[in-house]
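**Q** Have a look at the structure that comes next, please.
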Amino acid sequence: MATLEQCWPEVCARAEASPAFDYLDDSNLIESIRDSLADSTDKTYHYVLITQLVSKVTNAALNARSLQERADVDGSFDPRSVCKKVIVPFDRAQLDGALGRSPDPYVNNPVRVPLLTKADRGSKSDPEMWDKLCDLVDIVEAKDEAFARNLFLQVLLEIYRKLGTVEIRYDVPLRASLVQVIAATESFSEEKSGGDRPLALAAALFQIIGKYFKLFQPEIRRGKINASDAAAGQVADLECIDAGGRVVLAVEVKDRTVTVSDLEEKLGATRKKAIREVFFLSGRRNAQTRSAQTDDVAARVAKEFSAGQNLYVFHLIDLARSVLALAGEEPRREFLLLVGRQLDEFSDTKHRLAWKRALQQMATALK
């Protein structure tokens, strides 16, 4: 387990920093790894490479071909125990069942033989996949420890990429106090995300406002963070609409302090659509914000009020604290669920996993 706990964060960080990065420079090997993890492949095979390789990387004397301790090779070991005690819990806790949530994969027929060898391909329902696995472990045994580690890291990287296509199960507690919800929200939003995380939080928050305060419809319009509002056909990041489909409130979300330029950028479009209520939310606090800049924003807000438009500038966490305090306990839990749904629909894996971690920390604090 120590090897996984060390390597998994390293792989996640690398994938987030350089999405196109690979640990191997052999496209055929990478394709074989992806095939072994594909939804169309027998679920048992999803566990084979990660189990055989974590064992090999942890103890170089082990033979990656071995499927049973009685296998007739030097370095034979029992991968079934490794898989059941290490990989299965890791799949459930860290991978949201991306491998398949099998409780004991190596008890299944595909790997109930002593060795990963092509001599057994005739008994397999997917002999081509079996051959690919055999080729991979053969290469591991033919090369050095550095290659084995890179192959293992590539397997973890492909699992991380697979997480982008699976549903992540967020551990939302049955009860959560306002303090706990705000703490989870703050920890999630404190890292720079180009606006992705605060937008997910804001979208969930305004869904709560719409549902429980009856100011507009619960469902709001939003687009992906990397699409311009104009391209999405919207005047702002979020549009809150009434029963007749009219935009009654527009929300612009920033991953930094809101500036006068941000206000000016949205004034024309919101005026054109006669939207009188416009919120500007800052997702992250900036301790170095100059008071002069704050004064400029306040002055512009006052000016636009005189011209007939209401602009509101808030820090997202401050608004969330007030709204969720007034809404009550059940809406707080619903807010946590809605954030997850926003992330699943619009965000990258790294942000979804970050929200999962924030909720796990909340759950730990509740115990």
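Residue numbering restarts at 1 for every chain of the structure tokens, chains are lettered A, B, ... in their displayed order, and ligands are numbered from 1 as they appear.
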Name all residues at most 12 Å from A:Phe206 (count only C-alpha atoms; drop same-chain ones fewer than 5 positions away) and give them as a VMD selection string.

**A** chain A and resid 199 to 201 211 to 222 237 to 241 249 to 253 279 281 316 319 to 320 323 to 324 327 331 334 to 335 338 to 339 342

**Q** Using only C-alpha atoms, determine which residues lie at most 10 Å from A:Arg341, disregarding the query and same-chain residues fewer than 4 positions distant; provide the list as a ChimeraX atom specification.

**A** /A:167-168,170,200,204,335-337,345-347,352

**Q** I need the residues in stretch 175-336 of chain A that are strand (DSSP E or B) according to DSSP; give them as JSON, numbers by chain.

**A** {"A": [221, 222, 238, 239, 240, 241, 247, 248, 249, 250, 251, 252, 253, 254, 277, 278, 279, 280, 281, 282, 310, 311, 312, 313, 314, 315]}

**Q** Could you pull out the residues in stretch 157-272 of chain A that DSSP calls helix (DSSP H, G or I) from the backbone, as JSON, numbers by chain?

**A** {"A": [157, 158, 159, 160, 161, 162, 163, 178, 179, 180, 181, 182, 183, 184, 185, 186, 187, 188, 189, 196, 197, 198, 199, 200, 201, 202, 203, 204, 205, 206, 207, 208, 209, 210, 211, 212, 213, 260, 261, 262, 263, 264, 265, 266, 267, 268, 269, 270, 271, 272]}

**Q** Would you compute the distance between atom CA of A:Ala203 and atom CA of A:Val172? Give it in Å to one decimal.

**A**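 These two atoms are separated by 17.9 Å.
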
**Q** Which residue is closest to A:Thr51? Choose from A:Leu99, A:Arg92, A:Glu10, A:Ile30 and count only C-alpha atoms.

**A**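 Residue with the minimum atom-to-atom distance to A:Thr51: A:Leu99.
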
**Q** Please identify all polymer residues within 10 Å of stretch 179-195 of chain A, counting only C-alpha atoms, omitting same-chain residues fewer than 2 positions from it, and present them as a ChimeraX atom specification.

**A** /A:175-177,197-201,225-226,253-256,282-285,316-318,320-321,324-325,332-333,335-336,339,350-351,354-363,365-366

**Q** Just checking: using only C-alpha atoms, which residue out of A:Leu267, A:Ala142, A:Asp171, A:Tyr312 ends up closest to A:Ala93?

**A**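 When distances to A:Ala93 are compared using only C-alpha atoms, the smallest one comes from A:Asp171.
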
**Q** Give me, please, the distance in Å between atom CA of A:Val258 and atom CA of A:Gln207, quoted to one decimal.

**A**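 Interatomic distance, atom CA of A:Val258 to atom CA of A:Gln207: 22.2 Å.
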
**Q** Show which residues sit within 10 Å of stretch 109-112 of chain A, as a list in words. Count only C-alpha atoms, and ignore same-chain residues fewer than 6 positions away.

**A**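 Everything that qualifies: Asp42, Lys43, Thr44, Tyr45, Val48, Leu67, Gln68, Arg80, Asp120, Arg121, Ser123, Lys124, Ser125, Asp126, Pro127 and Trp130 of chain A.
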
**Q** Could you save the residues just selected, with N, CA, C and O atoms, as a PDB file, in the first residue's frame?

**A**
```
ATOM      1  N   ASP A  42     -12.878  -7.908 -19.980  1.00  0.00           N
ATOM      2  CA  ASP A  42     -13.275  -8.641 -18.771  1.00  0.00           C
ATOM      3  C   ASP A  42     -12.780  -7.892 -17.535  1.00  0.00           C
ATOM      4  O   ASP A  42     -11.611  -7.532 -17.432  1.00  0.00           O
ATOM      5  N   LYS A  43     -13.689  -7.652 -16.581  1.00  0.00           N
ATOM      6  CA  LYS A  43     -13.367  -6.850 -15.403  1.00  0.00           C
ATOM      7  C   LYS A  43     -12.168  -7.389 -14.631  1.00  0.00           C
ATOM      8  O   LYS A  43     -11.391  -6.620 -14.048  1.00  0.00           O
ATOM      9  N   THR A  44     -11.989  -8.687 -14.634  1.00  0.00           N
ATOM     10  CA  THR A  44     -10.854  -9.274 -13.915  1.00  0.00           C
ATOM     11  C   THR A  44      -9.536  -8.720 -14.424  1.00  0.00           C
ATOM     12  O   THR A  44      -8.609  -8.442 -13.651  1.00  0.00           O
ATOM     13  N   TYR A  45      -9.440  -8.529 -15.751  1.00  0.00           N
ATOM     14  CA  TYR A  45      -8.192  -8.053 -16.340  1.00  0.00           C
ATOM     15  C   TYR A  45      -7.856  -6.629 -15.924  1.00  0.00           C
ATOM     16  O   TYR A  45      -6.699  -6.211 -16.021  1.00  0.00           O
ATOM     17  N   VAL A  48      -5.157  -6.817 -13.213  1.00  0.00           N
ATOM     18  CA  VAL A  48      -3.948  -7.625 -13.360  1.00  0.00           C
ATOM     19  C   VAL A  48      -2.680  -6.781 -13.395  1.00  0.00           C
ATOM     20  O   VAL A  48      -1.736  -7.022 -12.620  1.00  0.00           O
ATOM     21  N   LEU A  67       1.163 -15.903 -11.013  1.00  0.00           N
ATOM     22  CA  LEU A  67      -0.221 -15.716 -10.589  1.00  0.00           C
ATOM     23  C   LEU A  67      -0.555 -16.527  -9.336  1.00  0.00           C
ATOM     24  O   LEU A  67      -1.605 -16.329  -8.742  1.00  0.00           O
ATOM     25  N   GLN A  68       0.366 -17.422  -8.989  1.00  0.00           N
ATOM     26  CA  GLN A  68       0.177 -18.230  -7.779  1.00  0.00           C
ATOM     27  C   GLN A  68       1.535 -18.460  -7.130  1.00  0.00           C
ATOM     28  O   GLN A  68       2.568 -18.506  -7.804  1.00  0.00           O
ATOM     29  N   ARG A  80      -3.012 -12.833  -5.625  1.00  0.00           N
ATOM     30  CA  ARG A  80      -4.403 -12.753  -5.185  1.00  0.00           C
ATOM     31  C   ARG A  80      -4.502 -12.016  -3.855  1.00  0.00           C
ATOM     32  O   ARG A  80      -5.379 -11.163  -3.656  1.00  0.00           O
ATOM     33  N   ASP A 120      -1.475 -20.690 -22.067  1.00  0.00           N
ATOM     34  CA  ASP A 120      -2.843 -20.846 -21.546  1.00  0.00           C
ATOM     35  C   ASP A 120      -3.880 -20.047 -22.333  1.00  0.00           C
ATOM     36  O   ASP A 120      -5.041 -19.985 -21.922  1.00  0.00           O
ATOM     37  N   ARG A 121      -3.496 -19.434 -23.451  1.00  0.00           N
ATOM     38  CA  ARG A 121      -4.423 -18.544 -24.157  1.00  0.00           C
ATOM     39  C   ARG A 121      -5.666 -19.270 -24.666  1.00  0.00           C
ATOM     40  O   ARG A 121      -6.739 -18.683 -24.765  1.00  0.00           O
ATOM     41  N   SER A 123      -7.610 -21.316 -23.299  1.00  0.00           N
ATOM     42  CA  SER A 123      -8.698 -21.462 -22.320  1.00  0.00           C
ATOM     43  C   SER A 123      -9.352 -20.129 -21.975  1.00  0.00           C
ATOM     44  O   SER A 123     -10.284 -20.097 -21.160  1.00  0.00           O
ATOM     45  N   LYS A 124      -8.901 -19.041 -22.596  1.00  0.00           N
ATOM     46  CA  LYS A 124      -9.390 -17.709 -22.230  1.00  0.00           C
ATOM     47  C   LYS A 124     -10.498 -17.243 -23.178  1.00  0.00           C
ATOM     48  O   LYS A 124     -10.448 -17.491 -24.387  1.00  0.00           O
ATOM     49  N   SER A 125     -11.483 -16.554 -22.604  1.00  0.00           N
ATOM     50  CA  SER A 125     -12.575 -16.030 -23.412  1.00  0.00           C
ATOM     51  C   SER A 125     -12.116 -14.851 -24.275  1.00  0.00           C
ATOM     52  O   SER A 125     -12.734 -14.532 -25.282  1.00  0.00           O
ATOM     53  N   ASP A 126     -11.004 -14.207 -23.856  1.00  0.00           N
ATOM     54  CA  ASP A 126     -10.440 -13.095 -24.619  1.00  0.00           C
ATOM     55  C   ASP A 126      -8.942 -13.354 -24.794  1.00  0.00           C
ATOM     56  O   ASP A 126      -8.099 -12.732 -24.133  1.00  0.00           O
ATOM     57  N   PRO A 127      -8.599 -14.273 -25.706  1.00  0.00           N
ATOM     58  CA  PRO A 127      -7.179 -14.644 -25.852  1.00  0.00           C
ATOM     59  C   PRO A 127      -6.286 -13.490 -26.301  1.00  0.00           C
ATOM     60  O   PRO A 127      -5.107 -13.444 -25.922  1.00  0.00           O
ATOM     61  N   TRP A 130      -5.388 -11.536 -23.237  1.00  0.00           N
ATOM     62  CA  TRP A 130      -4.457 -12.373 -22.458  1.00  0.00           C
ATOM     63  C   TRP A 130      -3.047 -12.262 -23.037  1.00  0.00           C
ATOM     64  O   TRP A 130      -2.068 -12.111 -22.304  1.00  0.00           O
TER      65      TRP A 130
END
```

**Q** Set the distance at 8 Å and use only C-alpha atoms: which residues neighbour A:Leu163 once local chain neighbours fewer than 3 positions away are removed? I'd like the list as a VMD selection string.

**A** chain A and resid 95 to 96 98 159 to 160 166 to 168 349

**Q** For A:Thr58, which residue among A:Ala148, A:Ala307, A:Val88, A:Val73 is the nearest when counting only C-alpha atoms?

**A**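 Answer, going by the shortest atom-to-atom distance: A:Ala148.
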
**Q** If you count only C-alpha atoms, which residues fall within 10 Å of A:Val301, apart from same-chain ones fewer than 6 positions away, as number ranges by chain?

**A** A: 260, 263, 295, 307, 309-313

**Q** Could you dump the residues just selected with N, CA and C atoms as a PDB file, in the first residue's frame?

**A**
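Produced file part_22.pdb, reproduced below:
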```
ATOM      1  N   VAL A 260     -13.016  46.748 -11.593  1.00  0.00           N
ATOM      2  CA  VAL A 260     -13.906  47.616 -12.362  1.00  0.00           C
ATOM      3  C   VAL A 260     -14.021  47.113 -13.800  1.00  0.00           C
ATOM      4  N   LEU A 263     -16.684  44.592 -14.146  1.00  0.00           N
ATOM      5  CA  LEU A 263     -18.024  45.188 -14.176  1.00  0.00           C
ATOM      6  C   LEU A 263     -18.343  45.736 -15.563  1.00  0.00           C
ATOM      7  N   ASP A 295     -12.375  50.737  -3.621  1.00  0.00           N
ATOM      8  CA  ASP A 295     -13.142  51.990  -3.672  1.00  0.00           C
ATOM      9  C   ASP A 295     -13.651  52.254  -5.081  1.00  0.00           C
ATOM     10  N   ALA A 307     -28.057  54.701 -12.620  1.00  0.00           N
ATOM     11  CA  ALA A 307     -28.450  54.527 -14.015  1.00  0.00           C
ATOM     12  C   ALA A 307     -29.509  53.441 -14.185  1.00  0.00           C
ATOM     13  N   GLN A 309     -29.324  50.084 -12.764  1.00  0.00           N
ATOM     14  CA  GLN A 309     -28.886  48.683 -12.735  1.00  0.00           C
ATOM     15  C   GLN A 309     -28.261  48.371 -11.388  1.00  0.00           C
ATOM     16  N   ASN A 310     -28.634  47.226 -10.820  1.00  0.00           N
ATOM     17  CA  ASN A 310     -28.127  46.811  -9.517  1.00  0.00           C
ATOM     18  C   ASN A 310     -26.964  45.838  -9.686  1.00  0.00           C
ATOM     19  N   LEU A 311     -25.791  46.251  -9.274  1.00  0.00           N
ATOM     20  CA  LEU A 311     -24.611  45.389  -9.304  1.00  0.00           C
ATOM     21  C   LEU A 311     -24.253  45.011  -7.874  1.00  0.00           C
ATOM     22  N   TYR A 312     -23.958  43.739  -7.671  1.00  0.00           N
ATOM     23  CA  TYR A 312     -23.609  43.255  -6.338  1.00  0.00           C
ATOM     24  C   TYR A 312     -22.271  42.539  -6.422  1.00  0.00           C
ATOM     25  N   VAL A 313     -21.341  42.906  -5.566  1.00  0.00           N
ATOM     26  CA  VAL A 313     -20.008  42.304  -5.556  1.00  0.00           C
ATOM     27  C   VAL A 313     -19.820  41.599  -4.219  1.00  0.00           C
TER      28      VAL A 313
END
```

**Q** Please, what distance in Å, to one decimal, runs between atom CA of A:Pro19 and atom CA of A:Gly164?

**A**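 Rounded to one decimal, the two atoms are 12.1 Å apart.
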
**Q** With distances taken over only C-alpha atoms, which of A:Ser32, A:Gln154, A:Ser81, A:Thr165 is nearest to A:Asp348?

**A**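 Closest residue, counting only C-alpha atoms: A:Thr165.
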